[in-house]
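Peer 1: Let me begin by handing over the structure; questions about it come next.
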Amino acid sequence: MQALTDDALITRIASRLLREPEAFDASAGMLPDWVPDTPPGRPPVPAAVLIALVKRTEGLSILYTERSPELRSHSGQIAFPGGKVDPTDSDAADAALREAWEEVQLERSEAKVLGFMPLYYTGTNYLITPVVAVVEPSKPFIPNPGEVRSVFEVPLDYLMTPGSYSTFHIKRGGREHSTWQIEHSGLVIWGITANLTRRFHDLALSPEQDTSPEGG
């Protein structure tokens with residue numbers, strides 16, 4: 001089978017995404033990626049992450065950050081740019097692009113939002129909307145040292161290969177949970193970020209359109 005051009009691949013990805021952020025329906029009983037021993041005493045916190053498809057001369061890649069070791073939560077872990085949706089954000093895309101600028105100086109004007117993935121509910125009570133965008137950067141990404149230790153990209157060809165994914169096991173409250181895991185250039189992506197990457201693979205990157213997203 002002939003490989004798709006970058007533009008054709010982008011078109012296919014866009015066709016598989018939601019046109020608008022998915023609305024949260026509390027009555028639907030959405031389960032988190034892991035169930036904490038004590039249920040949260042408040043509604044889920046809306047958040048957004050940016051899955052940035054970066055156009056490079058050598059092909060498309062996806063942007064990741066290595067969180068600062070100084071942060072109180074998830075320090076040193078690999079993440080997508082993103083964070084909580086602020087009251088001043090117009091929607092999840094606005095929040096994701098704002099956070100990407102604050103974290104790595106990704107210019108909003110150089111990003112074109114393609115669409116949205118379904119909501120992802122975390123055991124820590126965050127309701128994440130993944131925002132997918134194509135980015136054509138005119139300058140290097142610059143990590144904000146207060147939030148990000150480093151920024152790097154993983155070739156999309158690598159993430160399109162199912163063999164690039166394995167599983168990672170972690171214990172919480174005496175119970176074992178598993179997440180997806182991706183190893184690349186000496187770094188390990190696991191947890192929420194790996195789960196979202198695998199969901200993106202299954203929803204938008206896989207050859208078959210009827211492949212259901214996986215996670216948690």
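Identifiers in the structure tokens: chain A, B, ... in order shown; residue index from 1 per chain; ligand index from 1 in order shown.
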Determine which residues of chain A DSSP labels as strand (DSSP E) from the backbone of this structure, then write them out as an MDAnalysis selection string.
Peer 2: chainID A and resid 45:56 59:67 78:79 82:84 111:116 120:121 126:135 148:155 165:172 175:184 187:190
Peer 1: Which polymer residues have any atom within 10 Å of an atom of Leu9 (chain A), counting only C-alpha atoms, with same-chain residues fewer than 4 positions away left out, as a short mmCIF file (atom, residue, chain, number, x, y, z; two decimals) with N, CA, C and O atoms, in the first residue's frame?
Peer 2:
```cif
data_model
loop_
_atom_site.label_atom_id
_atom_site.label_comp_id
_atom_site.auth_asym_id
_atom_site.auth_seq_id
_atom_site.Cartn_x
_atom_site.Cartn_y
_atom_site.Cartn_z
N ALA A 3 2.24 4.80 0.82
CA ALA A 3 2.15 5.64 2.01
C ALA A 3 1.46 6.95 1.66
O ALA A 3 1.64 7.50 0.56
N LEU A 4 0.67 7.46 2.60
CA LEU A 4 -0.01 8.74 2.40
C LEU A 4 0.99 9.88 2.51
O LEU A 4 1.95 9.82 3.27
N THR A 5 0.76 10.93 1.74
CA THR A 5 1.54 12.15 1.93
C THR A 5 1.14 12.78 3.26
O THR A 5 0.10 12.45 3.83
N ILE A 13 -6.77 12.32 9.30
CA ILE A 13 -6.86 12.52 10.75
C ILE A 13 -8.02 13.45 11.08
O ILE A 13 -8.85 13.16 11.96
N ALA A 14 -8.10 14.56 10.37
CA ALA A 14 -9.16 15.55 10.64
C ALA A 14 -10.55 14.94 10.45
O ALA A 14 -11.49 15.26 11.20
N SER A 15 -10.68 14.04 9.47
CA SER A 15 -11.99 13.44 9.19
C SER A 15 -12.47 12.53 10.30
O SER A 15 -13.66 12.22 10.37
N LEU A 60 6.02 14.56 9.63
CA LEU A 60 5.23 14.99 10.78
C LEU A 60 5.77 14.38 12.07
O LEU A 60 6.27 13.25 12.08
N ALA A 204 -7.33 7.96 15.06
CA ALA A 204 -7.00 8.81 13.92
C ALA A 204 -5.87 8.32 13.04
O ALA A 204 -5.76 8.73 11.88
N LEU A 205 -4.99 7.47 13.57
CA LEU A 205 -3.80 7.06 12.81
C LEU A 205 -3.91 5.69 12.18
O LEU A 205 -3.26 5.42 11.17
#
```
Peer 1: Here is a test: counting only C-alpha atoms, which residue of A:Phe152, A:Phe80, A:Phe116, A:Tyr121 is nearest to Trp190 (chain A)?
Peer 2: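 Of A:Phe152, A:Phe80, A:Phe116, A:Tyr121, the one nearest Trp190 (chain A) is A:Phe80, counting only C-alpha atoms.
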Peer 1: Near Leu18 (chain A), counting only C-alpha atoms, which residues have an atom at most 9 Å away, once you skip same-chain residues fewer than 6 positions from it, shown as a list in words?
Peer 2: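 The contact residues come out as Leu114, Gly115, Phe116, Met117 and Pro118 of chain A.
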Peer 1: Using N, CA, C and O atoms, can you write the selected residues to a file as an mmCIF file, in the first residue's frame?
Peer 2:
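Result saved to part25.cif:
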```
data_model
loop_
_atom_site.group_PDB
_atom_site.id
_atom_site.type_symbol
_atom_site.label_atom_id
_atom_site.label_comp_id
_atom_site.auth_asym_id
_atom_site.auth_seq_id
_atom_site.Cartn_x
_atom_site.Cartn_y
_atom_site.Cartn_z
ATOM 1 N N LEU A 114 -7.513 20.972 14.107
ATOM 2 C CA LEU A 114 -8.183 20.026 13.218
ATOM 3 C C LEU A 114 -9.473 19.495 13.820
ATOM 4 O O LEU A 114 -10.412 19.153 13.098
ATOM 5 N N GLY A 115 -9.511 19.387 15.147
ATOM 6 C CA GLY A 115 -10.679 18.839 15.808
ATOM 7 C C GLY A 115 -10.335 18.347 17.201
ATOM 8 O O GLY A 115 -9.279 18.684 17.755
ATOM 9 N N PHE A 116 -11.221 17.528 17.752
ATOM 10 C CA PHE A 116 -11.123 17.121 19.151
ATOM 11 C C PHE A 116 -11.302 15.617 19.279
ATOM 12 O O PHE A 116 -12.033 14.993 18.498
ATOM 13 N N MET A 117 -10.644 15.046 20.278
ATOM 14 C CA MET A 117 -10.870 13.649 20.623
ATOM 15 C C MET A 117 -11.904 13.573 21.736
ATOM 16 O O MET A 117 -12.158 14.566 22.425
ATOM 17 N N PRO A 118 -12.510 12.402 21.946
ATOM 18 C CA PRO A 118 -13.459 12.255 23.047
ATOM 19 C C PRO A 118 -12.818 12.553 24.403
ATOM 20 O O PRO A 118 -11.601 12.455 24.575
#
```
Peer 1: Based on DSSP run over this structure's backbone, return all residues of region 29-174 of chain A in alpha helix (DSSP H), as a ChimeraX atom specification.
Peer 2: /A:92-104,156-159
Peer 1: Residues of the last selection are to be written out with all heavy atoms, as a tab-separated table (two decimals), in the first residue's frame.
Peer 2:
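What ended up in selection05.tsv:
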```tsv
chain	number	residue	atom	x	y	z
A	92	ALA	N	-12.03	24.55	24.95
A	92	ALA	CA	-10.86	23.70	25.20
A	92	ALA	C	-9.71	24.05	24.27
A	92	ALA	O	-8.54	24.02	24.68
A	92	ALA	CB	-11.25	22.24	25.05
A	93	ALA	N	-10.00	24.38	23.01
A	93	ALA	CA	-8.93	24.73	22.07
A	93	ALA	C	-8.22	25.99	22.53
A	93	ALA	O	-6.98	26.08	22.47
A	93	ALA	CB	-9.50	24.91	20.67
A	94	ASP	N	-8.98	26.96	23.00
A	94	ASP	CA	-8.40	28.21	23.50
A	94	ASP	C	-7.48	27.92	24.69
A	94	ASP	O	-6.37	28.45	24.78
A	94	ASP	CB	-9.53	29.16	23.91
A	94	ASP	CG	-9.04	30.59	24.14
A	94	ASP	OD1	-8.06	31.01	23.49
A	94	ASP	OD2	-9.65	31.28	24.97
A	95	ALA	N	-7.92	27.03	25.58
A	95	ALA	CA	-7.12	26.68	26.76
A	95	ALA	C	-5.84	25.95	26.35
A	95	ALA	O	-4.75	26.25	26.85
A	95	ALA	CB	-7.94	25.81	27.71
A	96	ALA	N	-5.96	24.99	25.43
A	96	ALA	CA	-4.79	24.21	25.02
A	96	ALA	C	-3.75	25.09	24.33
A	96	ALA	O	-2.55	24.96	24.58
A	96	ALA	CB	-5.23	23.07	24.10
A	97	LEU	N	-4.20	26.00	23.48
A	97	LEU	CA	-3.26	26.88	22.78
A	97	LEU	C	-2.64	27.89	23.73
A	97	LEU	O	-1.45	28.23	23.59
A	97	LEU	CB	-3.99	27.59	21.63
A	97	LEU	CG	-4.40	26.67	20.47
A	97	LEU	CD1	-5.30	27.43	19.50
A	97	LEU	CD2	-3.19	26.11	19.74
A	98	ARG	N	-3.40	28.37	24.69
A	98	ARG	CA	-2.84	29.28	25.70
A	98	ARG	C	-1.76	28.58	26.50
A	98	ARG	O	-0.66	29.13	26.71
A	98	ARG	CB	-3.95	29.78	26.64
A	98	ARG	CG	-3.43	30.61	27.82
A	98	ARG	CD	-4.54	31.01	28.78
A	98	ARG	NE	-5.32	29.88	29.26
A	98	ARG	CZ	-4.92	29.02	30.19
A	98	ARG	NH1	-3.70	29.13	30.73
A	98	ARG	NH2	-5.69	28.02	30.57
A	99	GLU	N	-2.05	27.37	26.95
A	99	GLU	CA	-1.07	26.62	27.73
A	99	GLU	C	0.18	26.30	26.90
A	99	GLU	O	1.31	26.35	27.41
A	99	GLU	CB	-1.69	25.33	28.25
A	99	GLU	CG	-2.72	25.51	29.36
A	99	GLU	CD	-2.08	25.72	30.72
A	99	GLU	OE1	-0.84	25.62	30.83
A	99	GLU	OE2	-2.81	25.99	31.68
A	100	ALA	N	-0.01	25.99	25.62
A	100	ALA	CA	1.14	25.68	24.76
A	100	ALA	C	2.04	26.90	24.60
A	100	ALA	O	3.27	26.78	24.55
A	100	ALA	CB	0.66	25.19	23.40
A	101	TRP	N	1.45	28.07	24.53
A	101	TRP	CA	2.27	29.29	24.47
A	101	TRP	C	3.00	29.51	25.79
A	101	TRP	O	4.21	29.81	25.81
A	101	TRP	CB	1.40	30.50	24.15
A	101	TRP	CG	2.11	31.80	24.41
A	101	TRP	CD1	1.90	32.66	25.45
A	101	TRP	CD2	3.20	32.36	23.66
A	101	TRP	NE1	2.77	33.72	25.39
A	101	TRP	CE2	3.59	33.56	24.30
A	101	TRP	CE3	3.89	31.96	22.52
A	101	TRP	CZ2	4.64	34.35	23.83
A	101	TRP	CZ3	4.93	32.76	22.05
A	101	TRP	CH2	5.28	33.93	22.69
A	102	GLU	N	2.30	29.34	26.91
A	102	GLU	CA	2.91	29.57	28.21
A	102	GLU	C	4.02	28.57	28.50
A	102	GLU	O	5.02	28.91	29.14
A	102	GLU	CB	1.84	29.49	29.31
A	102	GLU	CG	0.81	30.62	29.25
A	102	GLU	CD	-0.32	30.43	30.25
A	102	GLU	OE1	-0.30	29.41	31.00
A	102	GLU	OE2	-1.22	31.29	30.30
A	103	GLU	N	3.87	27.34	28.02
A	103	GLU	CA	4.84	26.29	28.35
A	103	GLU	C	6.03	26.25	27.40
A	103	GLU	O	7.16	26.04	27.84
A	103	GLU	CB	4.14	24.92	28.36
A	103	GLU	CG	3.14	24.76	29.50
A	103	GLU	CD	2.49	23.40	29.50
A	103	GLU	OE1	2.98	22.50	28.79
A	103	GLU	OE2	1.48	23.23	30.22
A	104	VAL	N	5.77	26.42	26.10
A	104	VAL	CA	6.87	26.23	25.12
A	104	VAL	C	6.91	27.31	24.05
A	104	VAL	O	7.61	27.18	23.04
A	104	VAL	CB	6.81	24.83	24.46
A	104	VAL	CG1	6.93	23.74	25.49
A	104	VAL	CG2	5.53	24.66	23.64
A	156	LEU	N	5.85	10.89	13.74
A	156	LEU	CA	4.53	10.29	13.65
A	156	LEU	C	4.62	8.87	13.11
A	156	LEU	O	3.84	8.00	13.51
A	156	LEU	CB	3.62	11.15	12.76
A	156	LEU	CG	2.13	10.85	12.86
A	156	LEU	CD1	1.61	11.15	14.26
A	156	LEU	CD2	1.33	11.64	11.83
A	157	ASP	N	5.56	8.61	12.21
A	157	ASP	CA	5.74	7.24	11.69
A	157	ASP	C	5.97	6.25	12.82
A	157	ASP	O	5.47	5.12	12.79
A	157	ASP	CB	6.92	7.20	10.72
A	157	ASP	CG	6.60	7.79	9.37
A	157	ASP	OD1	5.41	8.01	9.09
A	157	ASP	OD2	7.54	8.04	8.59
A	158	TYR	N	6.74	6.67	13.82
A	158	TYR	CA	7.02	5.80	14.96
A	158	TYR	C	5.74	5.53	15.75
A	158	TYR	O	5.47	4.40	16.17
A	158	TYR	CB	8.07	6.47	15.85
A	158	TYR	CG	8.53	5.63	17.03
A	158	TYR	CD1	9.49	4.65	16.88
A	158	TYR	CD2	7.98	5.83	18.30
A	158	TYR	CE1	9.91	3.88	17.96
A	158	TYR	CE2	8.40	5.08	19.39
A	158	TYR	CZ	9.36	4.10	19.21
A	158	TYR	OH	9.77	3.34	20.28
A	159	LEU	N	4.94	6.57	15.96
A	159	LEU	CA	3.71	6.43	16.75
A	159	LEU	C	2.60	5.73	15.98
A	159	LEU	O	1.63	5.27	16.58
A	159	LEU	CB	3.24	7.80	17.22
A	159	LEU	CG	4.20	8.52	18.18
A	159	LEU	CD1	3.73	9.94	18.45
A	159	LEU	CD2	4.35	7.75	19.49
```
Peer 1: A:Arg56, A:Arg16, A:Lys171, A:Arg42: which is nearest Pro140 (chain A), counting only C-alpha atoms?
Peer 2: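 That would be A:Arg56, the residue with the smallest distance to Pro140 (chain A).
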Peer 1: Go through A:Ala8, A:Val35, A:Ala28, A:Ile51 and flag the residue nearest Pro81 (chain A), using only C-alpha atoms for the distances.
Peer 2: A:Ile51
Peer 1: Using only C-alpha atoms, which of A:Tyr126, A:Pro46, A:Arg67, A:Thr193 sits nearest Pro87 (chain A)?
Peer 2: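 Result for the nearest residue to Pro87 (chain A): A:Pro46.
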Peer 1: Kindly give the distance, in Å, that separates CA of Arg12 (chain A) and CA of Tyr64 (chain A), rounded to a single decimal.
Peer 2: 22.1 Å
Peer 1: Name the residues in contact with region 196-198 of chain A at a cut-off of 10 Å, using only C-alpha atoms, excluding same-chain residues fewer than 3 positions from it; report them as a VMD selection string.
Peer 2: chain A and resid 49 51 62 80 117 120 128 130 159 to 160 162 164 to 165 179 to 182 189 to 193 201 to 205 213 to 216
Peer 1: Could you write those residues out with N, CA and C atoms, as a PDB file, in the first residue's frame?
Peer 2:
```pdb
ATOM      1  N   VAL A  49      -5.526  19.375  26.610  1.00  0.00           N
ATOM      2  CA  VAL A  49      -4.139  19.178  26.183  1.00  0.00           C
ATOM      3  C   VAL A  49      -4.068  19.363  24.674  1.00  0.00           C
ATOM      4  N   ILE A  51      -2.473  18.059  21.266  1.00  0.00           N
ATOM      5  CA  ILE A  51      -1.738  17.070  20.483  1.00  0.00           C
ATOM      6  C   ILE A  51      -1.323  17.792  19.205  1.00  0.00           C
ATOM      7  N   ILE A  62       5.002  14.559  16.682  1.00  0.00           N
ATOM      8  CA  ILE A  62       4.116  15.013  17.758  1.00  0.00           C
ATOM      9  C   ILE A  62       4.963  15.604  18.875  1.00  0.00           C
ATOM     10  N   PHE A  80       1.721  16.237  27.313  1.00  0.00           N
ATOM     11  CA  PHE A  80       1.381  17.168  26.247  1.00  0.00           C
ATOM     12  C   PHE A  80       1.274  18.560  26.860  1.00  0.00           C
ATOM     13  N   MET A 117     -10.644  15.046  20.278  1.00  0.00           N
ATOM     14  CA  MET A 117     -10.870  13.649  20.623  1.00  0.00           C
ATOM     15  C   MET A 117     -11.904  13.573  21.736  1.00  0.00           C
ATOM     16  N   TYR A 120     -11.482  12.407  28.160  1.00  0.00           N
ATOM     17  CA  TYR A 120     -10.712  11.417  28.917  1.00  0.00           C
ATOM     18  C   TYR A 120     -10.811  11.809  30.385  1.00  0.00           C
ATOM     19  N   ILE A 128     -10.356  15.655  30.647  1.00  0.00           N
ATOM     20  CA  ILE A 128      -9.452  16.208  29.645  1.00  0.00           C
ATOM     21  C   ILE A 128     -10.059  16.143  28.245  1.00  0.00           C
ATOM     22  N   PRO A 130      -8.716  16.366  24.582  1.00  0.00           N
ATOM     23  CA  PRO A 130      -7.540  16.438  23.707  1.00  0.00           C
ATOM     24  C   PRO A 130      -7.870  17.250  22.451  1.00  0.00           C
ATOM     25  N   LEU A 159       4.936   6.572  15.962  1.00  0.00           N
ATOM     26  CA  LEU A 159       3.712   6.431  16.755  1.00  0.00           C
ATOM     27  C   LEU A 159       2.601   5.728  15.976  1.00  0.00           C
ATOM     28  N   MET A 160       2.731   5.641  14.670  1.00  0.00           N
ATOM     29  CA  MET A 160       1.750   4.914  13.865  1.00  0.00           C
ATOM     30  C   MET A 160       1.994   3.412  13.890  1.00  0.00           C
ATOM     31  N   PRO A 162       2.099  -0.009  15.743  1.00  0.00           N
ATOM     32  CA  PRO A 162       1.602  -0.613  16.990  1.00  0.00           C
ATOM     33  C   PRO A 162       2.707  -1.181  17.870  1.00  0.00           C
ATOM     34  N   SER A 164       5.375   0.048  18.704  1.00  0.00           N
ATOM     35  CA  SER A 164       6.022   1.085  19.521  1.00  0.00           C
ATOM     36  C   SER A 164       5.385   1.204  20.899  1.00  0.00           C
ATOM     37  N   TYR A 165       4.289   0.495  21.120  1.00  0.00           N
ATOM     38  CA  TYR A 165       3.547   0.591  22.375  1.00  0.00           C
ATOM     39  C   TYR A 165       3.700  -0.694  23.184  1.00  0.00           C
ATOM     40  N   THR A 179      -1.126   0.986  32.191  1.00  0.00           N
ATOM     41  CA  THR A 179      -1.264   2.051  31.211  1.00  0.00           C
ATOM     42  C   THR A 179      -0.429   1.672  29.996  1.00  0.00           C
ATOM     43  N   TRP A 180      -0.629   2.408  28.922  1.00  0.00           N
ATOM     44  CA  TRP A 180       0.254   2.246  27.784  1.00  0.00           C
ATOM     45  C   TRP A 180       1.607   2.867  28.110  1.00  0.00           C
ATOM     46  N   GLN A 181       2.619   2.440  27.388  1.00  0.00           N
ATOM     47  CA  GLN A 181       3.973   2.957  27.567  1.00  0.00           C
ATOM     48  C   GLN A 181       4.643   3.054  26.198  1.00  0.00           C
ATOM     49  N   ILE A 182       5.374   4.147  25.995  1.00  0.00           N
ATOM     50  CA  ILE A 182       6.093   4.366  24.739  1.00  0.00           C
ATOM     51  C   ILE A 182       7.525   4.759  25.086  1.00  0.00           C
ATOM     52  N   ILE A 189       7.354   7.462  27.935  1.00  0.00           N
ATOM     53  CA  ILE A 189       6.042   8.105  28.031  1.00  0.00           C
ATOM     54  C   ILE A 189       5.086   7.066  28.585  1.00  0.00           C
ATOM     55  N   TRP A 190       4.394   7.395  29.668  1.00  0.00           N
ATOM     56  CA  TRP A 190       3.459   6.438  30.246  1.00  0.00           C
ATOM     57  C   TRP A 190       2.288   7.209  30.849  1.00  0.00           C
ATOM     58  N   GLY A 191       1.362   6.487  31.486  1.00  0.00           N
ATOM     59  CA  GLY A 191       0.236   7.133  32.154  1.00  0.00           C
ATOM     60  C   GLY A 191      -0.705   7.813  31.170  1.00  0.00           C
ATOM     61  N   ILE A 192      -1.266   8.940  31.603  1.00  0.00           N
ATOM     62  CA  ILE A 192      -2.277   9.642  30.824  1.00  0.00           C
ATOM     63  C   ILE A 192      -1.764   9.977  29.428  1.00  0.00           C
ATOM     64  N   THR A 193      -0.533  10.477  29.340  1.00  0.00           N
ATOM     65  CA  THR A 193      -0.004  10.914  28.045  1.00  0.00           C
ATOM     66  C   THR A 193       0.128   9.749  27.080  1.00  0.00           C
ATOM     67  N   HIS A 201      -3.747   7.171  18.235  1.00  0.00           N
ATOM     68  CA  HIS A 201      -3.364   6.169  17.238  1.00  0.00           C
ATOM     69  C   HIS A 201      -4.589   5.400  16.762  1.00  0.00           C
ATOM     70  N   ASP A 202      -5.363   4.876  17.712  1.00  0.00           N
ATOM     71  CA  ASP A 202      -6.479   4.005  17.352  1.00  0.00           C
ATOM     72  C   ASP A 202      -7.607   4.767  16.653  1.00  0.00           C
ATOM     73  N   LEU A 203      -7.826   5.992  17.062  1.00  0.00           N
ATOM     74  CA  LEU A 203      -8.908   6.784  16.493  1.00  0.00           C
ATOM     75  C   LEU A 203      -8.542   7.392  15.139  1.00  0.00           C
ATOM     76  N   ALA A 204      -7.331   7.961  15.058  1.00  0.00           N
ATOM     77  CA  ALA A 204      -7.001   8.813  13.916  1.00  0.00           C
ATOM     78  C   ALA A 204      -5.867   8.319  13.038  1.00  0.00           C
ATOM     79  N   LEU A 205      -4.987   7.467  13.567  1.00  0.00           N
ATOM     80  CA  LEU A 205      -3.805   7.064  12.808  1.00  0.00           C
ATOM     81  C   LEU A 205      -3.909   5.692  12.181  1.00  0.00           C
ATOM     82  N   PRO A 213     -11.015   3.370  20.288  1.00  0.00           N
ATOM     83  CA  PRO A 213      -9.924   3.861  21.122  1.00  0.00           C
ATOM     84  C   PRO A 213      -9.690   2.952  22.313  1.00  0.00           C
ATOM     85  N   GLU A 214      -8.462   2.863  22.730  1.00  0.00           N
ATOM     86  CA  GLU A 214      -8.094   2.108  23.927  1.00  0.00           C
ATOM     87  C   GLU A 214      -7.538   3.064  24.959  1.00  0.00           C
ATOM     88  N   GLY A 215      -7.443   2.621  26.187  1.00  0.00           N
ATOM     89  CA  GLY A 215      -6.841   3.459  27.212  1.00  0.00           C
ATOM     90  C   GLY A 215      -6.785   2.749  28.532  1.00  0.00           C
ATOM     91  N   GLY A 216      -6.444   3.581  29.559  1.00  0.00           N
ATOM     92  CA  GLY A 216      -6.404   3.230  30.939  1.00  0.00           C
ATOM     93  C   GLY A 216      -5.974   1.898  31.293  1.00  0.00           C
TER      94      GLY A 216
END
```
Peer 1: Which of these, A:Asp86, A:Pro155, A:Asn144, A:Phe24, has the shortest distance to Gly59 (chain A) once you count only C-alpha atoms?
Peer 2: A:Pro155
Peer 1: I'd like the contact shell of Thr65 (chain A) - 6 Å cut-off, only C-alpha atoms, skipping same-chain residues fewer than 5 positions apart - returned as a list in words.
Peer 2: Ile78, Ala79, Phe80, Ser150 and Val151 of chain A
Peer 1: Only all heavy atoms, please: the residues just picked out, written as a PDB file, in the first residue's frame.
Peer 2:
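Result went into out_1.pdb, see below:
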```
ATOM      1  N   ILE A  78       6.488  12.909  31.326  1.00  0.00           N
ATOM      2  CA  ILE A  78       6.265  13.377  29.964  1.00  0.00           C
ATOM      3  C   ILE A  78       4.794  13.749  29.811  1.00  0.00           C
ATOM      4  O   ILE A  78       3.909  13.028  30.272  1.00  0.00           O
ATOM      5  CB  ILE A  78       6.646  12.296  28.938  1.00  0.00           C
ATOM      6  CG1 ILE A  78       8.086  11.816  29.175  1.00  0.00           C
ATOM      7  CG2 ILE A  78       6.465  12.825  27.526  1.00  0.00           C
ATOM      8  CD1 ILE A  78       9.131  12.900  29.115  1.00  0.00           C
ATOM      9  N   ALA A  79       4.540  14.875  29.154  1.00  0.00           N
ATOM     10  CA  ALA A  79       3.162  15.362  29.025  1.00  0.00           C
ATOM     11  C   ALA A  79       2.977  16.062  27.682  1.00  0.00           C
ATOM     12  O   ALA A  79       3.939  16.435  27.010  1.00  0.00           O
ATOM     13  CB  ALA A  79       2.828  16.320  30.162  1.00  0.00           C
ATOM     14  N   PHE A  80       1.721  16.237  27.313  1.00  0.00           N
ATOM     15  CA  PHE A  80       1.381  17.168  26.247  1.00  0.00           C
ATOM     16  C   PHE A  80       1.274  18.560  26.860  1.00  0.00           C
ATOM     17  O   PHE A  80       0.951  18.700  28.046  1.00  0.00           O
ATOM     18  CB  PHE A  80       0.029  16.813  25.621  1.00  0.00           C
ATOM     19  CG  PHE A  80       0.017  15.537  24.836  1.00  0.00           C
ATOM     20  CD1 PHE A  80      -0.752  14.464  25.240  1.00  0.00           C
ATOM     21  CD2 PHE A  80       0.762  15.419  23.671  1.00  0.00           C
ATOM     22  CE1 PHE A  80      -0.787  13.288  24.509  1.00  0.00           C
ATOM     23  CE2 PHE A  80       0.741  14.237  22.932  1.00  0.00           C
ATOM     24  CZ  PHE A  80      -0.034  13.169  23.356  1.00  0.00           C
ATOM     25  N   SER A 150      12.232  20.177  29.386  1.00  0.00           N
ATOM     26  CA  SER A 150      12.655  20.066  28.001  1.00  0.00           C
ATOM     27  C   SER A 150      11.446  19.832  27.116  1.00  0.00           C
ATOM     28  O   SER A 150      10.360  19.479  27.586  1.00  0.00           O
ATOM     29  CB  SER A 150      13.663  18.920  27.828  1.00  0.00           C
ATOM     30  OG  SER A 150      13.046  17.666  28.079  1.00  0.00           O
ATOM     31  N   VAL A 151      11.639  20.043  25.824  1.00  0.00           N
ATOM     32  CA  VAL A 151      10.600  19.801  24.835  1.00  0.00           C
ATOM     33  C   VAL A 151      11.209  18.935  23.741  1.00  0.00           C
ATOM     34  O   VAL A 151      12.373  19.096  23.384  1.00  0.00           O
ATOM     35  CB  VAL A 151      10.042  21.126  24.281  1.00  0.00           C
ATOM     36  CG1 VAL A 151      11.150  21.970  23.675  1.00  0.00           C
ATOM     37  CG2 VAL A 151       8.945  20.877  23.269  1.00  0.00           C
TER      38      VAL A 151
END
```
Peer 1: One number please: CA of Thr11 (chain A) to CA of Phe200 (chain A), in Å, one decimal.
Peer 2: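 CA of Thr11 (chain A) sits 14.6 Å away from CA of Phe200 (chain A).
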